[in-house]
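Text of work-v4.txt (compact mmCIF, C-alpha atoms) as supplied:
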# COMPACT_ATOMS: atom_id res chain seq x y z
CA MET A 1 -16.59 -5.30 -22.50
CA LYS A 2 -14.37 -7.47 -20.34
CA PHE A 3 -12.29 -5.73 -17.68
CA ASP A 4 -10.02 -6.35 -14.70
CA LEU A 5 -9.33 -3.34 -12.49
CA HIS A 6 -7.06 -4.80 -9.81
CA THR A 7 -3.47 -5.65 -10.76
CA HIS A 8 -0.06 -5.09 -9.20
CA HIS A 9 3.55 -5.23 -10.38
CA PHE A 10 7.12 -5.34 -9.11
CA ARG A 11 7.19 -1.91 -7.45
CA CYS A 12 5.10 -3.04 -4.48
CA GLY A 13 7.78 -5.54 -3.50
CA HIS A 14 5.57 -8.63 -3.37
CA ALA A 15 4.40 -9.01 -6.97
CA ASP A 16 6.11 -10.31 -10.09
CA GLY A 17 6.32 -8.70 -13.51
CA THR A 18 6.22 -5.30 -15.13
CA ILE A 19 3.17 -3.22 -15.97
CA ARG A 20 3.64 -4.23 -19.61
CA ASP A 21 3.47 -7.89 -18.59
CA TYR A 22 0.04 -7.35 -17.04
CA ILE A 23 -1.22 -5.44 -20.06
CA GLU A 24 -0.07 -8.21 -22.37
CA ALA A 25 -1.73 -10.76 -20.10
CA GLY A 26 -4.94 -8.74 -20.32
CA ILE A 27 -4.81 -8.77 -24.10
CA ALA A 28 -4.21 -12.54 -24.08
CA ALA A 29 -7.23 -12.95 -21.79
CA GLY A 30 -9.46 -11.04 -24.20
CA LEU A 31 -9.91 -7.98 -22.01
CA GLY A 32 -10.98 -4.66 -23.47
CA VAL A 33 -9.98 -2.79 -20.31
CA ILE A 34 -7.08 -3.41 -17.93
CA GLY A 35 -6.64 -1.38 -14.78
CA ILE A 36 -3.23 -1.04 -13.16
CA SER A 37 -3.68 -0.50 -9.44
CA ASP A 38 -0.54 -1.05 -7.42
CA HIS A 39 -0.33 -0.26 -3.71
CA THR A 40 0.24 3.35 -2.74
CA PRO A 41 3.32 4.19 -0.72
CA TYR A 42 2.77 4.63 3.02
CA PHE A 43 2.18 8.36 2.91
CA GLY A 44 1.61 8.54 6.65
CA ASP A 45 5.20 7.51 7.39
CA PRO A 46 8.10 9.97 6.96
CA SER A 47 10.45 7.42 5.36
CA ASP A 48 10.65 6.85 1.61
CA GLN A 49 9.68 3.18 1.81
CA ALA A 50 8.45 2.16 5.23
CA PHE A 51 7.55 -1.40 4.21
CA PRO A 52 9.57 -2.54 1.14
CA LYS A 53 7.75 -5.88 0.87
CA ILE A 54 4.29 -4.33 1.05
CA ALA A 55 4.17 -1.05 -0.87
CA MET A 56 6.20 1.03 -3.29
CA ALA A 57 8.57 3.82 -2.30
CA LYS A 58 7.35 7.40 -2.39
CA SER A 59 10.20 8.15 -4.80
CA GLU A 60 8.71 5.62 -7.25
CA PHE A 61 5.16 6.93 -7.16
CA ALA A 62 5.49 9.52 -9.94
CA ASN A 63 7.44 6.99 -12.03
CA TYR A 64 4.59 4.53 -11.61
CA VAL A 65 2.05 7.08 -12.85
CA ASP A 66 4.27 8.06 -15.78
CA ASP A 67 4.79 4.42 -16.78
CA VAL A 68 1.07 3.67 -16.82
CA LEU A 69 0.24 6.82 -18.78
CA SER A 70 2.98 6.07 -21.31
CA LEU A 71 1.74 2.52 -21.81
CA LYS A 72 -1.83 3.79 -22.06
CA LYS A 73 -0.79 5.80 -25.13
CA GLU A 74 1.25 2.94 -26.57
CA TYR A 75 -1.63 0.44 -26.35
CA GLU A 76 -4.37 2.82 -27.47
CA GLY A 77 -6.67 1.03 -29.88
CA VAL A 78 -5.54 -2.39 -28.63
CA ILE A 79 -6.65 -2.33 -24.98
CA ASP A 80 -7.81 0.52 -22.76
CA VAL A 81 -5.19 0.89 -20.03
CA LEU A 82 -6.55 2.67 -16.95
CA LEU A 83 -4.51 4.43 -14.29
CA GLY A 84 -5.63 3.15 -10.93
CA ILE A 85 -4.16 2.75 -7.49
CA GLU A 86 -4.98 0.69 -4.40
CA SER A 87 -4.87 2.90 -1.35
CA ASP A 88 -4.92 1.81 2.27
CA TYR A 89 -7.51 3.50 4.42
CA PHE A 90 -6.02 4.88 7.61
CA PRO A 91 -8.42 7.38 9.23
CA GLU A 92 -5.56 9.17 10.97
CA HIS A 93 -3.74 9.72 7.66
CA ALA A 94 -6.75 10.16 5.36
CA GLU A 95 -6.06 13.79 4.53
CA ILE A 96 -2.47 13.28 3.39
CA TYR A 97 -3.63 10.38 1.21
CA ARG A 98 -6.46 12.49 -0.17
CA LYS A 99 -4.17 15.42 -0.95
CA THR A 100 -1.47 13.28 -2.56
CA LEU A 101 -3.81 11.17 -4.69
CA SER A 102 -5.78 14.18 -5.91
CA ALA A 103 -2.63 15.53 -7.57
CA TYR A 104 -2.61 12.71 -10.15
CA PRO A 105 -5.07 11.82 -12.96
CA PHE A 106 -6.29 8.50 -11.59
CA ASP A 107 -9.17 6.87 -13.40
CA TYR A 108 -10.15 5.28 -10.08
CA VAL A 109 -8.87 4.62 -6.58
CA ILE A 110 -9.51 1.33 -4.78
CA GLY A 111 -9.81 1.79 -1.03
CA SER A 112 -8.81 -1.19 1.07
CA VAL A 113 -8.72 -1.79 4.80
CA HIS A 114 -5.65 -3.95 5.40
CA SER A 115 -5.27 -3.52 9.15
CA VAL A 116 -7.52 -3.28 12.20
CA GLY A 117 -6.15 -2.07 15.50
CA GLY A 118 -2.71 -1.82 13.98
CA VAL A 119 -2.59 -5.52 13.05
CA SER A 120 -2.79 -6.90 9.51
CA ILE A 121 -6.11 -8.47 8.61
CA PHE A 122 -4.12 -11.43 7.22
CA ASN A 123 -2.27 -12.08 10.50
CA LYS A 124 -3.46 -15.52 11.62
CA GLY A 125 -2.14 -14.94 15.13
CA ARG A 126 -4.46 -12.04 15.83
CA TRP A 127 -7.34 -14.45 16.54
CA LYS A 128 -5.48 -16.61 19.04
CA ASN A 129 -7.18 -16.87 22.45
CA LEU A 130 -9.87 -14.30 21.59
CA SER A 131 -13.31 -14.89 23.08
CA LYS A 132 -16.42 -14.95 20.91
CA ASN A 133 -17.29 -11.40 21.97
CA GLU A 134 -13.77 -10.17 21.21
CA LYS A 135 -13.96 -11.71 17.74
CA ILE A 136 -17.30 -9.98 17.15
CA ARG A 137 -15.75 -6.69 18.28
CA VAL A 138 -12.84 -7.06 15.82
CA LYS A 139 -15.14 -7.99 12.94
CA SER A 140 -17.46 -5.09 13.74
CA GLU A 141 -14.54 -2.66 13.80
CA TYR A 142 -13.38 -3.97 10.42
CA TYR A 143 -16.75 -3.16 8.87
CA ARG A 144 -16.93 0.17 10.67
CA LEU A 145 -13.62 1.12 9.01
CA ILE A 146 -14.88 -0.03 5.60
CA ALA A 147 -18.00 2.09 6.05
CA ASP A 148 -15.84 5.07 7.04
CA SER A 149 -13.72 4.56 3.94
CA ALA A 150 -16.89 4.78 1.82
CA ARG A 151 -17.91 7.99 3.59
CA SER A 152 -14.47 9.53 2.99
CA GLY A 153 -15.24 10.23 -0.67
CA MET A 154 -11.70 9.18 -1.61
CA PHE A 155 -12.58 5.96 -3.39
CA GLN A 156 -14.61 4.75 -6.35
CA ILE A 157 -14.22 1.08 -5.41
CA LEU A 158 -13.76 -0.70 -2.09
CA GLY A 159 -11.38 -3.65 -2.19
CA HIS A 160 -12.05 -7.21 -1.00
CA ILE A 161 -14.54 -6.32 1.75
CA ASP A 162 -14.33 -9.65 3.60
CA ALA A 163 -10.63 -10.35 3.03
CA MET A 164 -10.14 -10.69 6.78
CA LYS A 165 -11.24 -14.29 6.20
CA GLY A 166 -8.24 -14.82 3.90
CA ASN A 167 -6.01 -16.59 6.40
CA TYR A 168 -8.78 -17.24 8.94
CA PRO A 169 -11.71 -18.95 7.21
CA ALA A 170 -13.69 -19.04 10.48
CA PHE A 171 -14.04 -15.26 10.16
CA SER A 172 -17.15 -15.81 8.04
CA GLU A 173 -18.82 -17.64 10.93
CA ILE A 174 -18.34 -14.82 13.45
CA PRO A 175 -21.87 -13.48 13.97
CA ALA A 176 -21.94 -9.80 13.03
CA PRO A 177 -24.78 -9.34 10.52
CA GLN A 178 -25.76 -5.85 11.66
CA PRO A 179 -22.31 -4.27 11.16
CA ILE A 180 -22.15 -5.81 7.68
CA ASP A 181 -25.62 -4.57 6.75
CA ASP A 182 -24.88 -1.12 8.17
CA CYS A 183 -21.68 -1.06 6.11
CA LEU A 184 -23.44 -2.09 2.89
CA ARG A 185 -26.13 0.53 3.47
CA VAL A 186 -23.45 3.24 3.78
CA ILE A 187 -21.64 2.00 0.67
CA SER A 188 -24.86 2.20 -1.31
CA GLU A 189 -25.71 5.67 0.02
CA CYS A 190 -22.23 6.90 -0.91
CA ASP A 191 -22.52 5.39 -4.42
CA VAL A 192 -19.26 3.47 -4.10
CA ALA A 193 -18.75 0.08 -5.75
CA ILE A 194 -17.36 -3.07 -4.16
CA GLU A 195 -15.14 -5.43 -6.09
CA ILE A 196 -15.47 -9.13 -6.54
CA ASN A 197 -11.87 -10.08 -5.96
CA THR A 198 -10.65 -13.54 -6.97
CA SER A 199 -7.39 -13.51 -5.00
CA GLY A 200 -8.94 -15.47 -2.14
CA GLY A 201 -7.71 -18.54 -3.97
CA THR A 202 -4.16 -17.55 -3.03
CA LYS A 203 -5.03 -17.58 0.70
CA LEU A 204 -6.08 -20.30 3.13
CA VAL A 205 -9.77 -19.55 2.62
CA GLY A 206 -9.78 -20.24 -1.12
CA GLY A 207 -12.53 -18.81 -3.32
CA TRP A 208 -13.40 -15.15 -3.80
CA TYR A 209 -14.08 -12.01 -1.82
CA PRO A 210 -16.76 -11.25 -0.77
CA SER A 211 -18.91 -14.26 0.04
CA GLU A 212 -22.10 -15.04 -1.86
CA ASP A 213 -24.08 -14.11 1.25
CA ILE A 214 -22.57 -10.61 1.28
CA LEU A 215 -23.15 -10.25 -2.46
CA GLU A 216 -26.82 -11.14 -2.01
CA ARG A 217 -27.13 -8.51 0.70
CA ALA A 218 -25.20 -6.02 -1.45
CA LEU A 219 -27.80 -6.50 -4.19
CA HIS A 220 -30.56 -5.91 -1.65
CA PHE A 221 -29.01 -2.59 -0.65
CA GLY A 222 -28.35 -1.53 -4.25
CA VAL A 223 -24.57 -1.69 -4.07
CA GLU A 224 -22.73 -1.58 -7.40
CA VAL A 225 -20.13 -4.30 -8.08
CA SER A 226 -16.90 -4.34 -10.04
CA PHE A 227 -14.27 -6.97 -10.80
CA GLY A 228 -10.61 -7.34 -9.93
CA SER A 229 -8.33 -10.36 -9.94
CA ASP A 230 -5.88 -8.66 -7.55
CA ALA A 231 -3.22 -10.29 -9.70
CA HIS A 232 0.29 -10.27 -8.26
CA LYS A 233 1.60 -12.26 -11.20
CA PRO A 234 0.56 -11.84 -14.84
CA SER A 235 -0.87 -15.34 -15.14
CA ARG A 236 -3.69 -14.42 -12.75
CA VAL A 237 -5.05 -11.51 -14.80
CA ALA A 238 -8.82 -11.96 -15.34
CA GLU A 239 -8.77 -15.15 -13.28
CA ASP A 240 -12.28 -16.62 -12.86
CA ARG A 241 -13.82 -13.55 -14.48
CA ASP A 242 -16.42 -15.50 -16.45
CA ALA A 243 -17.35 -17.64 -13.45
CA VAL A 244 -17.81 -14.50 -11.36
CA ALA A 245 -20.08 -13.01 -14.02
CA ALA A 246 -22.18 -16.17 -14.02
CA GLN A 247 -22.49 -16.13 -10.23
CA LEU A 248 -23.52 -12.49 -10.20
CA LYS A 249 -26.23 -13.17 -12.78
CA ALA A 250 -27.47 -16.11 -10.72
CA ILE A 251 -27.72 -13.85 -7.65
CA GLY A 252 -29.69 -11.30 -9.63
CA PHE A 253 -27.22 -8.64 -10.72
CA THR A 254 -27.74 -7.35 -14.27
CA HIS A 255 -24.55 -5.32 -14.68
CA TRP A 256 -21.22 -4.47 -13.13
CA VAL A 257 -19.11 -1.34 -13.39
CA TYR A 258 -15.68 0.05 -14.02
CA TYR A 259 -14.44 3.61 -13.76
CA LYS A 260 -12.72 5.82 -16.32
CA GLN A 261 -11.71 9.36 -15.38
CA ARG A 262 -13.56 8.61 -12.13
CA GLN A 263 -16.83 8.22 -14.03
CA LYS A 264 -18.86 5.04 -13.70
CA VAL A 265 -19.22 2.85 -16.79
CA LYS A 266 -21.91 0.16 -16.60
CA VAL A 267 -21.35 -3.14 -18.42
CA SER A 268 -24.11 -5.72 -18.84
CA LEU A 269 -23.43 -9.16 -17.43
Can I see the file as structure tokens?
Amino acid sequence: MKFDLHTHHFRCGHADGTIRDYIEAGIAAGLGVIGISDHTPYFGDPSDQAFPKIAMAKSEFANYVDDVLSLKKEYEGVIDVLLGIESDYFPEHAEIYRKTLSAYPFDYVIGSVHSVGGVSIFNKGRWKNLSKNEKIRVKSEYYRLIADSARSGMFQILGHIDAMKGNYPAFSEIPAPQPIDDCLRVISECDVAIEINTSGGTKLVGGWYPSEDILERALHFGVEVSFGSDAHKPSRVAEDRDAVAAQLKAIGFTHWVYYKQRQKVKVSL
């Protein structure tokens, strides 16, 4: 069973295409399962759409859910359309996110840390003039937040867990092995999956998230893995999926997982 659990569409303000476009792209790619997982609104902000180019408006959230559920029925027997969402993890707003998301029948929720210290992880300028120790501190805080997101119980999958390297490839060389190992240990203990996300090719770093080194350590700690293209245009649906499967097998993984009705489904590699 081929699947892709991480796709976006026009509502988030920085992706192209409709939900139907991504479903059709999934069918064309030979997928049996397509997950729609656009960005949640910023529930911690009182405005309807705090960041129009980053996340959907609160007033569109129910429409998003309805659209996915309607298309799920329409495509039944052709492709399994799953209702997902990608949620930011903000510790200070975790409860409002938890309460809001629990009111809808999501098959799965992807939890992603997109900011550290109030600054986007993709902001190239955040690294300017930082000392080695300051860079280690930032990287360690990033993995502390990811571990906290696993402990929260809000998520089935954690998104792109080394995406901070996206626009700063040198991130991978910052020495912080203990925070990463501590994070992977927590993820395993909490029985949360991490995704192999192929959108790194759209950033300066190229390639996938996370690195092969992290995947090897994830296997050591017994962390489950999933797959998501993080497609922001239909042509990227299932991108590099077969190559990812081959790499996982070479590392030693025997299966990967997706989630339906928040229940884990194992698929052999």
Pick out the closest residue to A:Asp107 from this set: A:Gly125, A:Gly30, A:Gly84, A:Gly17. Count all atoms listed in the file.
-> A:Gly84
Can you work out which one of A:Tyr89, A:Tyr42, A:Phe51, A:Tyr108 has the shortest atom-to-atom distance to A:Lys264, counting only C-alpha atoms?
->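 Of A:Tyr89, A:Tyr42, A:Phe51, A:Tyr108, the one nearest A:Lys264, counting only C-alpha atoms, is A:Tyr108.
Using all atoms listed in the file, the nearest neighbour of A:Ala25 within the list A:Val119, A:Ile79, A:Met1, A:Leu130 is A:Ile79.
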Taking only residues of stretch 182-208 of chain A that have an atom at most 10 Å from an atom of stretch 244-249 of chain A, what is each one's shortest atom pair and its distance in Å to one decimal, using only C-alpha atoms, in chain and number order, as CSV?
residue,atom,partner,partner_atom,distance
A:Ile196,CA,A:Val244,CA,7.6
A:Asn197,CA,A:Val244,CA,9.2
A:Thr198,CA,A:Val244,CA,8.5
A:Trp208,CA,A:Val244,CA,8.8
Compile the contact shell of A:Leu145 as a list in words: residues with an atom at most 9 Å away, counting only C-alpha atoms, same-chain residues fewer than 4 positions apart removed.
->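 Everything that qualifies: Tyr89, Phe90, Pro91, Val113, Val116, Ser140, Glu141, Ser149, Ala150 and Cys183 of chain A.
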Pick out the closest residue to A:Leu5 from this set: A:Asp191, A:Asp240, A:Asp38, A:Glu92. Count all atoms listed in the file.
-> A:Asp38
What is the distance, in Å and to one decimal place, between atom CA of A:Pro46 and atom CA of A:Tyr97?
->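 One can read the atom CA of A:Pro46 to atom CA of A:Tyr97 distance as 13.1 Å.
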What lies within 10 Å of A:Pro52 using all atoms listed in the file, ignoring chain neighbours under 2 positions off, as a list of chain:residue names?
->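 Within the cut-off, the hits are A:Arg11, A:Cys12, A:Gly13, A:His14, A:Pro41, A:Asp48, A:Gln49, A:Ala50, A:Ile54, A:Ala55, A:Met56, A:Ala57.
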Residues proximal to (-27.7, -5.3, -4.6) were defined as those with any atom within 10 Å of that point in the file's coordinates, counting all atoms listed in the file. Which are they, as a CSV table (one decimal) with C-alpha atoms, in the coordinates of the input?
chain,number,residue,atom,x,y,z
A,184,LEU,CA,-23.4,-2.1,2.9
A,188,SER,CA,-24.9,2.2,-1.3
A,214,ILE,CA,-22.6,-10.6,1.3
A,215,LEU,CA,-23.2,-10.2,-2.5
A,216,GLU,CA,-26.8,-11.1,-2.0
A,217,ARG,CA,-27.1,-8.5,0.7
A,218,ALA,CA,-25.2,-6.0,-1.4
A,219,LEU,CA,-27.8,-6.5,-4.2
A,220,HIS,CA,-30.6,-5.9,-1.6
A,221,PHE,CA,-29.0,-2.6,-0.6
A,222,GLY,CA,-28.4,-1.5,-4.2
A,223,VAL,CA,-24.6,-1.7,-4.1
A,224,GLU,CA,-22.7,-1.6,-7.4
A,225,VAL,CA,-20.1,-4.3,-8.1
A,251,ILE,CA,-27.7,-13.8,-7.6
A,252,GLY,CA,-29.7,-11.3,-9.6
A,253,PHE,CA,-27.2,-8.6,-10.7
A,254,THR,CA,-27.7,-7.4,-14.3
So which residues touch A:Glu239 within 8 Å, counting all atoms listed in the file, skipping near sequence neighbours fewer than 2 positions away, as a PDB file with C-alpha atoms, in the coordinates of the input?
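As written to disk, out_30.pdb reads:
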ATOM      1  CA  THR A 198     -10.650 -13.540  -6.970  1.00  0.00           C
ATOM      2  CA  SER A 229      -8.330 -10.360  -9.940  1.00  0.00           C
ATOM      3  CA  ARG A 236      -3.690 -14.420 -12.750  1.00  0.00           C
ATOM      4  CA  VAL A 237      -5.050 -11.510 -14.800  1.00  0.00           C
ATOM      5  CA  ARG A 241     -13.820 -13.550 -14.480  1.00  0.00           C
TER       6      ARG A 241
END
Surrounding residues of A:Ile36 excluding itself and chain neighbours under 6 positions, 7 Å, all atoms listed in the file, as a list of chain:residue names =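 The neighbour list is A:Leu5, A:His6, A:Thr7, A:His8, A:Leu82, A:Leu83, A:Gly84, A:Ile85.
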Neighbour list for A:Arg126 as a PDB file with C-alpha atoms, in the coordinates of the input, cut-off 10 Å, all atoms listed in the file, skip fewer than 5 positions in-chain:
ATOM      1  CA  VAL A 116      -7.520  -3.280  12.200  1.00  0.00           C
ATOM      2  CA  VAL A 119      -2.590  -5.520  13.050  1.00  0.00           C
ATOM      3  CA  SER A 120      -2.790  -6.900   9.510  1.00  0.00           C
ATOM      4  CA  ILE A 121      -6.110  -8.470   8.610  1.00  0.00           C
ATOM      5  CA  LYS A 135     -13.960 -11.710  17.740  1.00  0.00           C
ATOM      6  CA  VAL A 138     -12.840  -7.060  15.820  1.00  0.00           C
ATOM      7  CA  TYR A 168      -8.780 -17.240   8.940  1.00  0.00           C
TER       8      TYR A 168
END
Any idea what the distance is between atom CA of A:His114 and atom CA of A:Asn167?
-> 12.7 Å
Work out how far atom CA of A:Ala147 is from atom CA of A:Asp182, in Å to one decimal.
->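 If I compute the distance from atom CA of A:Asp182 to atom CA of A:Ala147, I get 7.9 Å.
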Given all atoms listed in the file as the counted atoms, nearest of A:Lys124, A:Arg98, A:Arg262, A:Arg144 to A:Ile187 =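 Smallest distance to A:Ile187 is found for A:Arg144.
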Selected residue of minimal separation from A:Asp80 among A:Gly228, A:Gly32, A:Pro169, A:Gly153, counting only C-alpha atoms = A:Gly32
